[in-house]
$ cat final_3.txt   # compact mmCIF, C-alpha atoms and all ligand atoms
# COMPACT_ATOMS: atom_id res chain seq x y z
CA MET Q 165 0.00 0.00 0.00
CA SER Q 166 1.78 3.11 -1.19
CA GLU Q 167 1.89 6.01 1.22
CA ASN Q 168 0.68 8.57 -1.31
CA LYS Q 169 -2.61 6.77 -1.78
CA ILE Q 170 -3.76 8.58 1.29
CA ILE Q 171 -5.19 12.04 0.68
CA ASP Q 172 -4.03 14.00 3.69
CA GLY Q 173 -6.85 16.49 4.20
CA LYS Q 174 -5.41 17.64 7.49
CA GLU Q 175 -2.17 18.70 5.87
CA PHE Q 176 -3.93 20.24 2.85
CA ALA Q 177 -6.19 22.19 5.21
CA GLU Q 178 -3.18 23.45 7.18
CA ARG Q 179 -1.58 24.78 4.00
CA LEU Q 180 -4.85 26.38 2.92
CA ARG Q 181 -5.23 28.04 6.33
CA ALA Q 182 -1.68 29.37 6.12
CA ARG Q 183 -2.46 31.04 2.78
CA ILE Q 184 -5.71 32.40 4.18
CA GLY Q 185 -3.71 33.83 7.09
CA VAL Q 186 -1.48 35.79 4.71
CA LEU Q 187 -4.45 37.12 2.74
CA ALA Q 188 -6.30 38.00 5.97
CA GLY Q 189 -3.27 40.08 6.99
CA GLU Q 190 -3.37 41.87 3.63
CA PHE Q 191 -7.09 42.44 4.11
CA GLU Q 192 -6.52 44.03 7.50
CA ALA Q 193 -3.83 46.33 6.09
CA LYS Q 194 -6.12 47.46 3.24
CA ALA Q 195 -9.45 47.66 5.08
CA GLY Q 196 -8.22 48.90 8.46
CA ARG Q 197 -10.13 46.12 10.21
CA LYS Q 198 -10.01 42.38 10.54
CA ALA Q 199 -12.30 40.05 8.63
CA GLY Q 200 -14.98 38.72 11.00
CA LEU Q 201 -16.78 35.40 11.27
CA ALA Q 202 -19.73 34.91 13.63
CA VAL Q 203 -20.79 31.45 14.79
CA VAL Q 204 -24.14 30.93 16.49
CA LEU Q 205 -24.69 27.85 18.63
CA VAL Q 206 -28.05 26.89 20.12
CA GLY Q 207 -28.00 24.32 22.90
CA GLU Q 208 -25.26 22.28 24.47
CA ASP Q 209 -24.65 19.32 22.19
CA PRO Q 210 -21.07 18.30 23.13
CA ALA Q 211 -20.00 17.49 19.55
CA SER Q 212 -21.30 20.87 18.33
CA GLN Q 213 -19.46 22.63 21.15
CA VAL Q 214 -16.21 20.99 20.07
CA TYR Q 215 -16.69 22.04 16.44
CA VAL Q 216 -17.62 25.59 17.40
CA SER Q 217 -14.63 26.04 19.67
CA SER Q 218 -12.29 24.62 17.04
CA LYS Q 219 -13.78 26.97 14.42
CA GLY Q 220 -13.21 29.90 16.77
CA LYS Q 221 -9.58 28.98 17.43
CA GLN Q 222 -8.79 28.48 13.76
CA THR Q 223 -10.50 31.76 12.84
CA VAL Q 224 -8.33 33.69 15.28
CA ALA Q 225 -5.21 31.77 14.23
CA ALA Q 226 -5.87 32.87 10.63
CA GLY Q 227 -5.91 36.53 11.72
CA MET Q 228 -9.66 37.06 11.68
CA ASN Q 229 -12.10 38.06 14.40
CA SER Q 230 -14.30 35.32 15.79
CA PHE Q 231 -17.66 36.22 17.33
CA GLU Q 232 -19.43 33.45 19.23
CA HIS Q 233 -23.10 33.65 20.19
CA LYS Q 234 -24.49 30.94 22.44
CA LEU Q 235 -28.20 30.54 23.08
CA PRO Q 236 -29.76 28.04 25.49
CA ALA Q 237 -31.47 24.96 24.01
CA ASP Q 238 -34.87 26.38 25.02
CA ALA Q 239 -34.33 29.77 23.36
CA SER Q 240 -37.20 30.74 21.07
CA GLU Q 241 -36.90 30.87 17.30
CA GLU Q 242 -37.61 34.60 17.54
CA GLU Q 243 -34.59 35.11 19.78
CA LEU Q 244 -32.38 33.26 17.30
CA LEU Q 245 -33.76 35.25 14.36
CA ALA Q 246 -33.07 38.47 16.28
CA VAL Q 247 -29.42 37.42 16.76
CA VAL Q 248 -29.10 36.64 13.05
CA GLU Q 249 -30.61 40.00 12.10
CA LYS Q 250 -28.21 41.81 14.40
CA LEU Q 251 -25.28 40.02 12.77
CA ASN Q 252 -26.66 40.82 9.29
CA ALA Q 253 -26.54 44.51 10.21
CA ASP Q 254 -23.12 44.43 11.91
CA PRO Q 255 -20.37 45.75 9.58
CA ALA Q 256 -17.69 43.92 11.62
CA VAL Q 257 -19.28 40.60 10.68
CA ASP Q 258 -18.49 39.27 7.20
CA GLY Q 259 -19.67 35.71 7.62
CA ILE Q 260 -22.43 34.11 9.67
CA LEU Q 261 -22.70 30.42 10.51
CA VAL Q 262 -25.61 29.04 12.49
CA GLN Q 263 -24.51 25.64 13.73
CA LEU Q 264 -26.85 22.84 12.60
CA PRO Q 265 -28.79 20.84 13.63
CA LEU Q 266 -31.02 23.25 15.52
CA PRO Q 267 -33.35 22.15 18.33
CA ARG Q 268 -36.55 20.61 16.99
CA HIS Q 269 -38.77 23.56 17.87
CA MET Q 270 -36.88 25.74 15.39
CA ASP Q 271 -37.43 25.86 11.64
CA GLU Q 272 -33.97 25.50 10.06
CA GLN Q 273 -35.10 26.72 6.66
CA LYS Q 274 -36.56 29.87 8.17
CA VAL Q 275 -33.37 30.57 10.11
CA ILE Q 276 -31.17 30.03 7.05
CA ALA Q 277 -33.48 32.23 4.96
CA THR Q 278 -32.91 35.06 7.45
CA ILE Q 279 -29.12 35.09 6.95
CA ASP Q 280 -27.98 37.75 4.47
CA PRO Q 281 -26.97 35.66 1.41
CA ASP Q 282 -23.82 37.77 1.11
CA LYS Q 283 -22.81 36.72 4.65
CA ASP Q 284 -23.93 33.12 4.18
CA VAL Q 285 -20.47 31.54 4.25
CA ASP Q 286 -22.03 28.08 4.70
CA GLY Q 287 -23.72 28.48 1.30
CA PHE Q 288 -27.01 27.13 2.67
CA HIS Q 289 -29.31 30.04 1.67
CA VAL Q 290 -31.52 29.31 -1.36
CA THR Q 291 -29.95 32.28 -3.11
CA ASN Q 292 -26.54 30.63 -2.91
CA ALA Q 293 -27.93 27.18 -3.76
CA GLY Q 294 -29.53 28.81 -6.82
CA ARG Q 295 -26.35 30.61 -7.78
CA LEU Q 296 -24.47 27.30 -7.67
CA ALA Q 297 -27.19 25.57 -9.70
CA VAL Q 298 -27.05 28.15 -12.52
CA GLY Q 299 -23.30 28.69 -12.41
CA GLN Q 300 -23.18 32.16 -10.86
CA ALA Q 301 -20.60 33.22 -8.30
CA GLY Q 302 -21.85 32.65 -4.76
CA TYR Q 303 -20.97 30.89 -1.54
CA VAL Q 304 -20.53 27.16 -1.94
CA PRO Q 305 -21.05 24.82 1.04
CA CYS Q 306 -17.73 24.18 2.76
CA THR Q 307 -17.62 20.39 2.82
CA PRO Q 308 -18.27 19.79 -0.90
CA LEU Q 309 -15.99 22.66 -1.91
CA GLY Q 310 -13.26 21.12 0.25
CA CYS Q 311 -13.85 17.74 -1.45
CA LEU Q 312 -13.52 19.38 -4.87
CA MET Q 313 -10.24 21.00 -3.84
CA LEU Q 314 -8.87 17.61 -2.74
CA LEU Q 315 -10.02 15.98 -5.99
CA GLU Q 316 -8.53 18.67 -8.23
CA ASP Q 317 -5.30 18.64 -6.26
CA ARG Q 318 -5.02 14.88 -6.76
CA LEU Q 319 -6.39 14.45 -10.29
CA GLY Q 320 -5.97 17.83 -11.98
CA ASP Q 321 -8.69 18.28 -14.63
CA LEU Q 322 -11.76 16.16 -13.80
CA LYS Q 323 -13.22 16.47 -17.31
CA GLY Q 324 -15.02 13.36 -18.57
CA LEU Q 325 -14.60 11.34 -15.39
CA ASN Q 326 -17.49 9.26 -14.07
CA ALA Q 327 -18.40 10.40 -10.58
CA VAL Q 328 -20.90 8.98 -8.14
CA VAL Q 329 -22.15 11.00 -5.19
CA ILE Q 330 -23.79 8.79 -2.60
CA GLY Q 331 -26.20 10.94 -0.57
CA ARG Q 332 -28.39 13.83 -1.67
CA SER Q 333 -28.44 16.24 1.26
CA ASN Q 334 -28.66 19.97 0.63
CA ILE Q 335 -25.43 20.40 2.60
CA VAL Q 336 -23.20 17.86 0.87
CA GLY Q 337 -24.67 15.57 -1.81
CA LYS Q 338 -26.54 18.07 -3.98
CA PRO Q 339 -23.88 20.82 -4.02
CA MET Q 340 -21.15 18.17 -4.52
CA ALA Q 341 -22.97 16.89 -7.60
CA GLN Q 342 -23.31 20.46 -8.94
CA LEU Q 343 -19.59 21.11 -8.45
CA LEU Q 344 -18.59 17.87 -10.17
CA LEU Q 345 -20.95 18.69 -13.03
CA SER Q 346 -19.38 22.16 -13.39
CA ALA Q 347 -16.02 20.39 -13.50
CA ASN Q 348 -17.33 18.39 -16.50
CA CYS Q 349 -17.75 15.03 -14.77
CA THR Q 350 -20.57 12.65 -15.65
CA VAL Q 351 -22.40 12.59 -12.35
CA THR Q 352 -24.66 10.00 -10.79
CA ILE Q 353 -26.44 10.90 -7.57
CA ALA Q 354 -27.27 7.79 -5.53
CA HIS Q 355 -29.56 7.55 -2.52
CA ARG Q 356 -31.52 5.06 -0.44
CA HIS Q 357 -33.75 4.05 -3.38
CA THR Q 358 -30.89 3.55 -5.84
CA LYS Q 359 -30.74 0.09 -7.39
CA ASP Q 360 -27.46 -1.70 -8.02
CA LEU Q 361 -25.34 0.81 -6.17
CA ALA Q 362 -22.34 -1.55 -6.19
CA ASP Q 363 -22.41 -1.63 -10.02
CA ILE Q 364 -22.64 2.15 -10.26
CA VAL Q 365 -19.70 2.52 -7.89
CA ARG Q 366 -17.70 -0.06 -9.90
CA ARG Q 367 -18.00 2.19 -12.99
CA SER Q 368 -16.96 5.35 -11.13
CA ASP Q 369 -13.60 7.06 -11.30
CA ILE Q 370 -14.64 9.30 -8.40
CA VAL Q 371 -16.69 8.14 -5.41
CA VAL Q 372 -17.96 10.67 -2.89
CA ALA Q 373 -19.68 8.96 0.05
CA ALA Q 374 -21.92 11.20 2.16
CA VAL Q 375 -24.69 9.06 3.58
CA GLY Q 376 -23.94 8.77 7.28
CA VAL Q 377 -23.99 4.97 7.31
CA PRO Q 378 -20.80 3.52 8.82
CA GLU Q 379 -18.63 1.61 6.30
CA MET Q 380 -21.51 1.19 3.85
CA VAL Q 381 -19.37 1.39 0.70
CA LYS Q 382 -17.43 -1.87 0.44
CA GLY Q 383 -13.88 -2.23 -0.77
CA ASP Q 384 -14.80 -4.63 -3.59
CA TRP Q 385 -17.20 -2.03 -5.05
CA ILE Q 386 -14.31 0.30 -5.82
CA LYS Q 387 -12.95 0.46 -9.37
CA PRO Q 388 -9.19 -0.15 -9.32
CA GLY Q 389 -7.43 3.21 -9.29
CA ALA Q 390 -10.55 5.23 -8.41
CA THR Q 391 -10.39 8.26 -6.11
CA VAL Q 392 -12.52 7.87 -2.99
CA ILE Q 393 -13.68 10.81 -0.90
CA ASP Q 394 -15.25 9.78 2.39
CA VAL Q 395 -17.40 12.52 3.94
CA GLY Q 396 -18.86 10.33 6.69
CA ILE Q 397 -17.98 10.85 10.34
CA ASN Q 398 -19.67 8.05 12.32
CA ARG Q 399 -18.89 7.12 15.86
CA LEU Q 400 -19.22 3.37 16.43
CA PRO Q 401 -20.55 2.04 19.73
CA PRO Q 402 -17.75 1.65 22.28
CA ALA Q 403 -15.96 -1.70 22.47
CA GLU Q 404 -16.21 -3.74 25.70
CA GLY Q 405 -14.79 -1.79 28.60
CA LYS Q 406 -14.27 1.41 26.53
CA THR Q 407 -16.16 4.68 26.96
CA LYS Q 408 -15.82 6.01 23.40
CA GLY Q 409 -16.26 4.20 20.10
CA ARG Q 410 -13.99 4.51 17.07
CA ILE Q 411 -14.77 7.10 14.38
CA VAL Q 412 -15.27 5.60 10.93
CA GLY Q 413 -16.39 6.95 7.58
CA ASP Q 414 -19.07 5.79 5.14
CA VAL Q 415 -16.46 3.70 3.32
CA ASP Q 416 -14.88 0.43 4.42
CA TYR Q 417 -11.43 2.01 4.51
CA GLN Q 418 -9.38 -1.16 5.02
CA GLY Q 419 -11.02 -2.77 2.00
CA ALA Q 420 -11.11 0.30 -0.24
CA VAL Q 421 -7.52 1.37 0.35
CA GLN Q 422 -6.32 -1.88 -1.28
CA VAL Q 423 -8.05 -1.06 -4.58
CA ALA Q 424 -8.41 2.71 -4.75
CA GLY Q 425 -5.89 4.99 -6.46
CA ALA Q 426 -6.40 7.48 -3.64
CA ILE Q 427 -8.62 7.76 -0.59
CA THR Q 428 -9.34 10.17 2.23
CA PRO Q 429 -9.00 8.79 5.75
CA VAL Q 430 -11.49 9.43 8.57
CA PRO Q 431 -10.54 11.35 10.62
CA GLY Q 432 -7.94 13.52 8.89
CA GLY Q 433 -9.53 13.68 5.45
CA VAL Q 434 -12.55 15.80 4.58
CA GLY Q 435 -13.34 17.03 8.14
CA PRO Q 436 -10.43 19.46 8.49
CA MET Q 437 -11.14 20.83 5.00
CA THR Q 438 -14.63 21.92 6.08
CA ILE Q 439 -13.30 24.47 8.56
CA ALA Q 440 -10.48 25.64 6.26
CA VAL Q 441 -13.02 26.35 3.49
CA LEU Q 442 -15.27 28.14 5.98
CA LEU Q 443 -12.38 30.52 6.71
CA ARG Q 444 -11.79 30.88 2.99
CA ASN Q 445 -15.42 31.79 2.37
CA ALA Q 446 -15.35 34.28 5.25
CA LEU Q 447 -12.25 35.95 3.83
CA VAL Q 448 -13.78 36.10 0.35
CA ALA Q 449 -16.86 37.70 1.95
CA ALA Q 450 -14.72 40.28 3.74
CA TYR Q 451 -13.00 41.35 0.53
CA ALA Q 452 -16.37 41.54 -1.24
CA HIS Q 453 -17.91 43.65 1.54
CA GLU Q 454 -15.09 46.19 1.30
CA GLY Q 455 -15.17 46.21 -2.51
CA LEU Q 456 -11.57 45.00 -2.53
CA THR Q 457 -10.16 42.51 -5.00
CA LEU Q 458 -8.80 39.32 -3.60
CA ALA Q 459 -5.76 37.86 -5.33
CA THR Q 460 -7.55 34.55 -5.82
CA ALA Q 461 -4.69 33.14 -7.87
CA ASP Q 462 -3.57 31.61 -4.61
CA LEU Q 463 -6.97 30.35 -3.56
CA PRO Q 464 -8.86 27.66 -5.45
CA GLU Q 465 -11.75 28.79 -7.63
CA HIS Q 466 -15.47 29.04 -6.85
CA SER Q 467 -17.54 31.37 -4.70
CA ILE Q 468 -17.59 35.12 -5.20
N1 LIG P 501 -23.93 25.41 9.86
C1 LIG P 501 -23.09 24.38 9.97
N2 LIG P 501 -21.99 24.34 9.20
C2 LIG P 501 -21.10 23.30 9.31
O1 LIG P 501 -20.08 23.26 8.59
C3 LIG P 501 -21.37 22.28 10.28
C4 LIG P 501 -22.53 22.39 11.05
N3 LIG P 501 -23.37 23.44 10.86
N4 LIG P 501 -22.84 21.46 11.97
C5 LIG P 501 -21.93 20.37 12.27
C6 LIG P 501 -21.14 19.99 11.05
C7 LIG P 501 -19.92 19.13 11.33
N5 LIG P 501 -18.79 19.88 10.85
C8 LIG P 501 -17.48 19.44 10.94
C9 LIG P 501 -16.39 20.29 10.88
C10 LIG P 501 -15.10 19.82 11.06
C11 LIG P 501 -14.86 18.49 11.30
C12 LIG P 501 -13.47 18.02 11.54
O2 LIG P 501 -12.53 18.80 11.52
N6 LIG P 501 -13.28 16.72 11.76
C13 LIG P 501 -11.97 16.13 12.07
C14 LIG P 501 -11.99 15.57 13.48
C15 LIG P 501 -13.01 14.46 13.69
C16 LIG P 501 -13.19 14.08 15.15
O3 LIG P 501 -12.21 13.58 15.73
O4 LIG P 501 -14.28 14.32 15.69
C17 LIG P 501 -11.63 15.06 11.08
O5 LIG P 501 -12.52 14.54 10.37
O6 LIG P 501 -10.45 14.73 10.98
C18 LIG P 501 -15.92 17.63 11.34
C19 LIG P 501 -17.21 18.10 11.15
C20 LIG P 501 -19.22 21.08 10.40
N7 LIG P 501 -20.55 21.20 10.47

$ encode --input "final_3.txt" --output "structure tokens"
Amino acid sequence: MSENKIIDGKEFAERLRARIGVLAGEFEAKAGRKAGLAVVLVGEDPASQVYVSSKGKQTVAAGMNSFEHKLPADASEEELLAVVEKLNADPAVDGILVQLPLPRHMDEQKVIATIDPDKDVDGFHVTNAGRLAVGQAGYVPCTPLGCLMLLEDRLGDLKGLNAVVIGRSNIVGKPMAQLLLSANCTVTIAHRHTKDLADIVRRSDIVVAAVGVPEMVKGDWIKPGATVIDVGINRLPPAEGKTKGRIVGDVDYQGAVQVAGAITPVPGGVGPMTIAVLLRNALVAAYAHEGLTLATADLPEHSI
């Protein structure tokens, strides 16, 4: 098993964050202020708290301001919408992220619709989803954009490749398929009703797994030499006598790594890219808000 089969998302994300840091410094010198990213967290889900604190640290490390807003789990939807509206109006805030999932008594679509599309660095607002669908500049969801960066880094031009995206969520599957289509792949979107998934995967040069089912994609489904991007982060039940289970992806890594040309590990693959791209989108937003041009030569394409 050759070492370079493994797509090191952690290392790629570190390099991306270093470049963002340089450009954030240039932004501050030109604009006379730091770029700002606001993260809103409702409730006390421990996993969400970990993500939010790691986003905050990485934002500051990249030379941007991080604003954290925490609301109790029983906060009303109105209170959350009021926070979002305040952030929309705040000129120090370039990007807004409302951590999902929200408590059940809140309407996620309504909350997302309240975010100013030009501060929607998650790319979840229908305006940005629409921009992506018709090929206009806009904010692209962080996870799929990070996957595209890894794919283009590994494969160069993706033109004419067969790609399968397993999963059709608004956050990963659908935007991933749009991005691959824009990159001139032939794209299949698979989901729970798809027949003969193994055969579709066997024909695919690119496999993006984003279903949330641990190790669902088997090693012997993978076409020899294919590039496998595993978006899943699933925690298995703890083994006897252990308190925490192992984290695995949606792909049977041990099987797939034997056959694939390249594969992302979990953890250390797609996950770290998500936050790096979030910082990228926030920086792009900051430049746009000040009417400044960003030397994007150094930053991969897509989004404003
Ligand atoms: N509005 C919104 N935007 C999001 O982008 C968003 C969200 N809500 N809700 C929660 C999910 C989850 N998410 C991750 C970010 C980084 C890692 C990450 O860095 N993972 C590491 C560590 C994994 C671990 O050890 O837990 C890895 O895969 O190597 C994972 C998951 C962003 N999310």

$ residues_near_point --input "final_3.txt" --point "(-6.6, 0.2, -10.1)" --cutoff "10 Å" --atoms "only C-alpha atoms" --output "list in words"
Asp369, Ile386, Lys387, Pro388, Gly389, Ala390, Thr391, Gln422, Val423, Ala424, Gly425 and Ala426 of chain Q

$ residues_near_ligand --input "final_3.txt" --ligand "ligand LIG 501 (chain P)" --cutoff "6 Å" --atoms "all atoms listed in the file" --output "list in words"
Tyr215, Leu261, Val262, Gln263, Leu264, Asp286, Val430, Pro431, Gly432, Gly433, Val434, Gly435, Pro436, Thr438 and Ile439 of chain Q

$ atom_distance --input "final_3.txt" --atom1 "atom CA of Gln342 of chain Q" --atom2 "atom CA of Asn398 of chain Q"
24.9 Å

$ closest_residue --input "final_3.txt" --among "Q:Met380, Q:Ala256, Q:Val186, Q:Ala239" --to "His453 of chain Q" --atoms "only C-alpha atoms"
Q:Ala256

$ atom_distance --input "final_3.txt" --atom1 "atom CA of Lys219 of chain Q" --atom2 "atom CA of Leu443 of chain Q"
8.6 Å

$ atom_distance --input "final_3.txt" --atom1 "atom CA of Ala297 of chain Q" --atom2 "atom CA of Leu343 of chain Q"
8.9 Å

$ closest_residue --input "final_3.txt" --among "Q:Leu296, Q:Leu344, Q:Leu447, Q:Ser368" --to "Asn326 of chain Q" --atoms "only C-alpha atoms"
Q:Ser368

$ residues_around --input "final_3.txt" --residues "Leu458 of chain Q" --least-positions-apart "4" --cutoff "9 Å" --atoms "only C-alpha atoms" --output "JSON, numbers by chain"
{"Q": [187, 191, 447, 448, 451, 452]}

$ closest_residue --input "final_3.txt" --among "Q:Val351, Q:Leu266, Q:Leu345, Q:Ala420" --to "Gly299 of chain Q" --atoms "only C-alpha atoms"
Q:Leu345

$ closest_residue --input "final_3.txt" --among "Q:Glu242, Q:Ala188, Q:Lys169, Q:Pro378" --to "Arg399 of chain Q" --atoms "all atoms listed in the file"
Q:Pro378

$ residues_around --input "final_3.txt" --residues "Ala195 of chain Q" --least-positions-apart "3" --cutoff "9 Å" --atoms "all atoms listed in the file" --output "PyMOL selection string"
chain Q and resi 190-192+198-199+451+454+456

$ residues_around --input "final_3.txt" --residues "segment 302-318 of chain Q" --least-positions-apart "6" --cutoff "6 Å" --atoms "only C-alpha atoms" --output "list of chain:residue names"
Q:Val285, Q:Asp286, Q:Gly287, Q:Asn292, Q:Arg295, Q:Val336, Q:Met340, Q:Met437, Q:Thr438, Q:Val441, Q:Leu442, Q:Ser467, Q:Ile468

$ write_last_selection --input "final_3.txt" --atoms "C-alpha atoms" --output "CSV table (one decimal), in the coordinates of the input"
chain,number,residue,atom,x,y,z
Q,285,VAL,CA,-20.5,31.5,4.2
Q,286,ASP,CA,-22.0,28.1,4.7
Q,287,GLY,CA,-23.7,28.5,1.3
Q,292,ASN,CA,-26.5,30.6,-2.9
Q,295,ARG,CA,-26.4,30.6,-7.8
Q,336,VAL,CA,-23.2,17.9,0.9
Q,340,MET,CA,-21.2,18.2,-4.5
Q,437,MET,CA,-11.1,20.8,5.0
Q,438,THR,CA,-14.6,21.9,6.1
Q,441,VAL,CA,-13.0,26.4,3.5
Q,442,LEU,CA,-15.3,28.1,6.0
Q,467,SER,CA,-17.5,31.4,-4.7
Q,468,ILE,CA,-17.6,35.1,-5.2

$ residues_around --input "final_3.txt" --residues "segment 269-279 of chain Q" --least-positions-apart "3" --cutoff "10 Å" --atoms "all atoms listed in the file" --output "NGL selection string"
:Q and (237-242 or 244-246 or 248-249 or 251-252 or 259-262 or 264-266 or 282-291)

$ closest_residue --input "final_3.txt" --among "Q:Asp360, Q:Leu180, Q:Asp280, Q:Pro429" --to "Ala253 of chain Q" --atoms "all atoms listed in the file"
Q:Asp280

$ residues_around --input "final_3.txt" --residues "Lys234 of chain Q" --least-positions-apart "3" --cutoff "10 Å" --atoms "only C-alpha atoms" --output "PyMOL selection string"
chain Q and resi 203-208+213+237+239+244+247

$ closest_residue --input "final_3.txt" --among "Q:Trp385, Q:Ala202, Q:Asp414, Q:Pro402" --to "Ile330 of chain Q" --atoms "only C-alpha atoms"
Q:Asp414

$ decode --input "final_3.txt" --residues "segment 186-252 of chain Q" --atoms "C-alpha atoms" --output "PDB file, in the first residue's frame"
ATOM      1  CA  VAL Q 186      -1.482  35.787   4.712  1.00  0.00           C
ATOM      2  CA  LEU Q 187      -4.449  37.124   2.740  1.00  0.00           C
ATOM      3  CA  ALA Q 188      -6.301  37.996   5.968  1.00  0.00           C
ATOM      4  CA  GLY Q 189      -3.273  40.078   6.987  1.00  0.00           C
ATOM      5  CA  GLU Q 190      -3.368  41.866   3.628  1.00  0.00           C
ATOM      6  CA  PHE Q 191      -7.089  42.436   4.115  1.00  0.00           C
ATOM      7  CA  GLU Q 192      -6.524  44.027   7.502  1.00  0.00           C
ATOM      8  CA  ALA Q 193      -3.831  46.328   6.088  1.00  0.00           C
ATOM      9  CA  LYS Q 194      -6.118  47.458   3.243  1.00  0.00           C
ATOM     10  CA  ALA Q 195      -9.449  47.655   5.082  1.00  0.00           C
ATOM     11  CA  GLY Q 196      -8.220  48.896   8.461  1.00  0.00           C
ATOM     12  CA  ARG Q 197     -10.127  46.123  10.209  1.00  0.00           C
ATOM     13  CA  LYS Q 198     -10.010  42.378  10.543  1.00  0.00           C
ATOM     14  CA  ALA Q 199     -12.300  40.052   8.633  1.00  0.00           C
ATOM     15  CA  GLY Q 200     -14.977  38.721  10.999  1.00  0.00           C
ATOM     16  CA  LEU Q 201     -16.775  35.404  11.274  1.00  0.00           C
ATOM     17  CA  ALA Q 202     -19.731  34.909  13.633  1.00  0.00           C
ATOM     18  CA  VAL Q 203     -20.785  31.452  14.794  1.00  0.00           C
ATOM     19  CA  VAL Q 204     -24.136  30.931  16.494  1.00  0.00           C
ATOM     20  CA  LEU Q 205     -24.690  27.851  18.630  1.00  0.00           C
ATOM     21  CA  VAL Q 206     -28.047  26.892  20.122  1.00  0.00           C
ATOM     22  CA  GLY Q 207     -28.004  24.319  22.898  1.00  0.00           C
ATOM     23  CA  GLU Q 208     -25.265  22.276  24.471  1.00  0.00           C
ATOM     24  CA  ASP Q 209     -24.654  19.323  22.188  1.00  0.00           C
ATOM     25  CA  PRO Q 210     -21.074  18.301  23.134  1.00  0.00           C
ATOM     26  CA  ALA Q 211     -20.005  17.494  19.547  1.00  0.00           C
ATOM     27  CA  SER Q 212     -21.305  20.870  18.331  1.00  0.00           C
ATOM     28  CA  GLN Q 213     -19.456  22.629  21.147  1.00  0.00           C
ATOM     29  CA  VAL Q 214     -16.206  20.985  20.072  1.00  0.00           C
ATOM     30  CA  TYR Q 215     -16.695  22.036  16.435  1.00  0.00           C
ATOM     31  CA  VAL Q 216     -17.620  25.587  17.396  1.00  0.00           C
ATOM     32  CA  SER Q 217     -14.631  26.042  19.666  1.00  0.00           C
ATOM     33  CA  SER Q 218     -12.289  24.618  17.045  1.00  0.00           C
ATOM     34  CA  LYS Q 219     -13.782  26.967  14.421  1.00  0.00           C
ATOM     35  CA  GLY Q 220     -13.214  29.904  16.772  1.00  0.00           C
ATOM     36  CA  LYS Q 221      -9.580  28.985  17.432  1.00  0.00           C
ATOM     37  CA  GLN Q 222      -8.789  28.477  13.761  1.00  0.00           C
ATOM     38  CA  THR Q 223     -10.499  31.756  12.842  1.00  0.00           C
ATOM     39  CA  VAL Q 224      -8.330  33.694  15.281  1.00  0.00           C
ATOM     40  CA  ALA Q 225      -5.206  31.766  14.233  1.00  0.00           C
ATOM     41  CA  ALA Q 226      -5.869  32.874  10.627  1.00  0.00           C
ATOM     42  CA  GLY Q 227      -5.908  36.529  11.718  1.00  0.00           C
ATOM     43  CA  MET Q 228      -9.663  37.063  11.676  1.00  0.00           C
ATOM     44  CA  ASN Q 229     -12.102  38.057  14.397  1.00  0.00           C
ATOM     45  CA  SER Q 230     -14.299  35.320  15.790  1.00  0.00           C
ATOM     46  CA  PHE Q 231     -17.660  36.217  17.330  1.00  0.00           C
ATOM     47  CA  GLU Q 232     -19.431  33.451  19.234  1.00  0.00           C
ATOM     48  CA  HIS Q 233     -23.098  33.647  20.187  1.00  0.00           C
ATOM     49  CA  LYS Q 234     -24.489  30.942  22.440  1.00  0.00           C
ATOM     50  CA  LEU Q 235     -28.199  30.537  23.083  1.00  0.00           C
ATOM     51  CA  PRO Q 236     -29.764  28.043  25.491  1.00  0.00           C
ATOM     52  CA  ALA Q 237     -31.474  24.962  24.008  1.00  0.00           C
ATOM     53  CA  ASP Q 238     -34.867  26.376  25.018  1.00  0.00           C
ATOM     54  CA  ALA Q 239     -34.329  29.766  23.358  1.00  0.00           C
ATOM     55  CA  SER Q 240     -37.203  30.745  21.072  1.00  0.00           C
ATOM     56  CA  GLU Q 241     -36.903  30.869  17.300  1.00  0.00           C
ATOM     57  CA  GLU Q 242     -37.612  34.602  17.544  1.00  0.00           C
ATOM     58  CA  GLU Q 243     -34.594  35.114  19.776  1.00  0.00           C
ATOM     59  CA  LEU Q 244     -32.378  33.260  17.304  1.00  0.00           C
ATOM     60  CA  LEU Q 245     -33.757  35.251  14.355  1.00  0.00           C
ATOM     61  CA  ALA Q 246     -33.067  38.474  16.285  1.00  0.00           C
ATOM     62  CA  VAL Q 247     -29.418  37.418  16.758  1.00  0.00           C
ATOM     63  CA  VAL Q 248     -29.098  36.637  13.047  1.00  0.00           C
ATOM     64  CA  GLU Q 249     -30.607  39.999  12.102  1.00  0.00           C
ATOM     65  CA  LYS Q 250     -28.208  41.812  14.404  1.00  0.00           C
ATOM     66  CA  LEU Q 251     -25.278  40.016  12.772  1.00  0.00           C
ATOM     67  CA  ASN Q 252     -26.658  40.820   9.288  1.00  0.00           C
TER      68      ASN Q 252
END
